[in-house]
$ cat upload_20.cif   # mmCIF, C-alpha atoms
data_run
loop_
_atom_site.label_atom_id
_atom_site.label_comp_id
_atom_site.auth_asym_id
_atom_site.auth_seq_id
_atom_site.Cartn_x
_atom_site.Cartn_y
_atom_site.Cartn_z
CA MET L 18 -34.42 46.36 -141.73
CA SER L 19 -33.61 45.48 -138.13
CA GLN L 20 -34.68 47.71 -135.28
CA PRO L 21 -32.03 50.29 -134.27
CA SER L 22 -30.39 49.82 -130.88
CA ALA L 23 -31.23 53.41 -129.87
CA ILE L 24 -34.65 54.78 -130.80
CA LEU L 25 -35.93 58.33 -130.60
CA THR L 26 -39.59 59.17 -131.12
CA ALA L 27 -41.18 62.50 -131.80
CA ALA L 28 -44.73 63.67 -132.33
CA SER L 29 -45.91 66.84 -133.93
CA TYR L 30 -48.99 68.95 -134.47
CA ASP L 31 -49.05 67.59 -138.04
CA HIS L 32 -50.66 64.41 -136.57
CA THR L 33 -47.65 62.14 -137.09
CA ILE L 34 -45.36 60.10 -134.85
CA ARG L 35 -41.85 59.59 -136.20
CA PHE L 36 -39.27 56.98 -135.24
CA TRP L 37 -35.63 58.04 -135.57
CA GLU L 38 -32.45 56.01 -135.57
CA ALA L 39 -30.42 57.89 -132.94
CA LYS L 40 -26.96 57.16 -134.36
CA SER L 41 -27.63 58.27 -137.94
CA GLY L 42 -30.49 60.72 -137.33
CA ARG L 43 -32.52 58.95 -140.03
CA CYS L 44 -36.32 58.80 -139.77
CA TYR L 45 -37.18 55.18 -140.51
CA ARG L 46 -40.92 55.11 -139.78
CA THR L 47 -43.87 57.49 -139.63
CA ILE L 48 -47.24 56.67 -138.06
CA LEU L 49 -50.33 58.72 -138.85
CA TYR L 50 -52.25 59.85 -135.74
CA PRO L 51 -55.19 61.63 -137.40
CA ASP L 52 -57.67 62.01 -134.51
CA THR L 53 -55.76 64.51 -132.38
CA ARG L 54 -52.34 65.94 -131.74
CA VAL L 55 -50.05 63.89 -129.49
CA ASN L 56 -49.36 65.31 -126.01
CA TRP L 57 -47.06 62.56 -124.69
CA LEU L 58 -45.03 59.56 -125.91
CA GLU L 59 -43.63 56.74 -123.79
CA ILE L 60 -41.62 53.68 -124.93
CA THR L 61 -41.70 50.58 -122.71
CA PRO L 62 -38.36 49.63 -121.12
CA ASP L 63 -38.12 46.55 -123.36
CA LYS L 64 -38.60 48.82 -126.44
CA HIS L 65 -41.55 46.75 -127.72
CA PHE L 66 -44.41 49.24 -127.39
CA LEU L 67 -45.03 52.96 -127.67
CA ALA L 68 -47.93 54.69 -125.91
CA ALA L 69 -49.19 57.88 -127.53
CA ALA L 70 -51.47 60.14 -125.50
CA GLY L 71 -53.77 62.63 -127.14
CA ASN L 72 -57.13 64.19 -126.41
CA PRO L 73 -58.99 62.10 -125.28
CA HIS L 74 -57.29 58.88 -126.47
CA ILE L 75 -54.24 56.81 -125.57
CA GLN L 76 -53.08 54.33 -128.22
CA LEU L 77 -50.44 51.58 -128.09
CA PHE L 78 -48.16 50.89 -131.07
CA ASP L 79 -45.71 48.10 -131.86
CA VAL L 80 -42.24 49.68 -132.06
CA SER L 81 -40.76 46.88 -134.19
CA SER L 82 -43.49 46.93 -136.85
CA ASN L 83 -42.68 48.29 -140.30
CA SER L 84 -46.28 49.31 -140.84
CA PRO L 85 -47.06 53.02 -141.24
CA GLN L 86 -50.13 52.40 -139.07
CA SER L 87 -50.47 50.95 -135.59
CA ASP L 88 -50.18 47.20 -136.25
CA LEU L 89 -50.32 45.01 -133.11
CA ARG L 90 -51.33 41.39 -133.75
CA ALA L 91 -54.13 42.73 -135.96
CA PRO L 92 -54.63 45.80 -138.12
CA GLY L 93 -55.34 48.96 -136.17
CA CYS L 94 -54.59 50.00 -132.64
CA GLN L 95 -54.30 47.27 -129.98
CA ARG L 96 -56.03 49.25 -127.25
CA GLU L 97 -57.58 52.66 -126.95
CA TYR L 98 -58.45 54.39 -123.72
CA GLU L 99 -60.61 57.49 -123.31
CA SER L 100 -60.14 60.29 -120.85
CA ARG L 101 -62.53 63.08 -119.89
CA ALA L 102 -59.80 65.68 -120.46
CA ALA L 103 -56.68 66.06 -122.60
CA VAL L 104 -54.06 63.50 -121.55
CA SER L 105 -50.86 65.24 -120.50
CA SER L 106 -48.73 62.24 -119.45
CA VAL L 107 -48.68 58.47 -119.74
CA VAL L 108 -46.41 55.76 -118.32
CA LEU L 109 -46.41 52.05 -119.11
CA HIS L 110 -45.59 49.85 -116.13
CA PRO L 111 -42.63 47.51 -116.82
CA ASN L 112 -44.98 44.51 -116.39
CA GLN L 113 -46.85 45.83 -119.47
CA THR L 114 -50.22 45.14 -117.89
CA GLU L 115 -50.83 48.57 -116.37
CA LEU L 116 -50.92 51.99 -117.97
CA MET L 117 -51.02 55.12 -115.83
CA SER L 118 -52.09 58.46 -117.26
CA GLY L 119 -52.63 61.98 -116.05
CA ASP L 120 -54.93 64.53 -117.61
CA GLN L 121 -55.18 68.31 -117.64
CA ASP L 122 -57.91 68.23 -114.98
CA GLY L 123 -55.44 66.64 -112.53
CA ASN L 124 -56.93 63.13 -112.67
CA ILE L 125 -54.72 60.02 -112.59
CA HIS L 126 -56.00 56.83 -114.20
CA VAL L 127 -54.58 53.29 -113.89
#
$ encode --input "upload_20.cif" --output "C-alpha cells"
Amino acid sequence: MSQPSAILTAASYDHTIRFWEAKSGRCYRTILYPDTRVNWLEITPDKHFLAAAGNPHIQLFDVSSNSPQSDLRAPGCQREYESRAAVSSVVLHPNQTELMSGDQDGNIHV
C-alpha cells in the first residue's frame, strides 16, 4: 500500500502509536511503544520520520515503513535519547540533523 497523502498520528495511554489515513479515517498502522506512554508526537515536514517523546525516551520511527515496530535501516529504533524528566515536547529541525526537546522540569535539549 502506498503512503497516504495526508497522515494523522495519535498516541494513547495503551502504549501504541497509530497512523491514520486522513481522507478515509482508516487506521493503517500501529506501533507498539511499550516502555512508557507517549507525551508528544512530531512528523518531519517531509513526512519521512516521526518522533515520539515519552518518559524519559525520544524515539524516531520511519513513517513509510509497513512494520508494526520502529524499523529504520535496521530492526528497532534508529535513535533513542534520554531525558532526566518526562519529555513534554519535541521538534525535529527541517534539516533532520537536530532534535529539540523540552521536559517537565523546564529544560530544553538540542
$ residues_around --input "upload_20.cif" --residues "range 109-115 of chain L" --least-positions-apart "6" --cutoff "9 Å" --atoms "only C-alpha atoms" --output "PyMOL selection string"
chain L and resi 59-63+66-68+127
$ resolve_selection --input "upload_20.cif" --expression "the PyMOL selection byres ((chain L and resi 25) around 10)" --output "ChimeraX atom specification"
/L:21,23-24,26-27,35-40,42,44,60
$ resolve_selection --input "upload_20.cif" --expression "the PyMOL selection byres ((chain L and resi 118) around 7)" --output "number ranges by chain"
L: 104, 106-108, 116-117, 119-120, 125-127
$ closest_residue --input "upload_20.cif" --among "L:Phe78, L:His65, L:Asn83, L:Ala103" --to "Thr53 in chain L" --atoms "only C-alpha atoms"
L:Ala103
$ atom_distance --input "upload_20.cif" --atom1 "CA of Ser41 in chain L" --atom2 "CA of Asp79 in chain L"
21.6 Å
$ resolve_selection --input "upload_20.cif" --expression "the PyMOL selection byres ((chain L and resi 33) around 7)" --output "number ranges by chain"
L: 28-29, 31-32, 34-35, 47-50
$ atom_distance --input "upload_20.cif" --atom1 "CA of Ser82 in chain L" --atom2 "CA of Glu99 in chain L"
24.2 Å
$ atom_distance --input "upload_20.cif" --atom1 "CA of Tyr98 in chain L" --atom2 "CA of Lys64 in chain L"
20.8 Å
$ closest_residue --input "upload_20.cif" --among "L:Tyr30, L:Arg54, L:Val80, L:Gly71" --to "Ser105 in chain L" --atoms "only C-alpha atoms"
L:Gly71
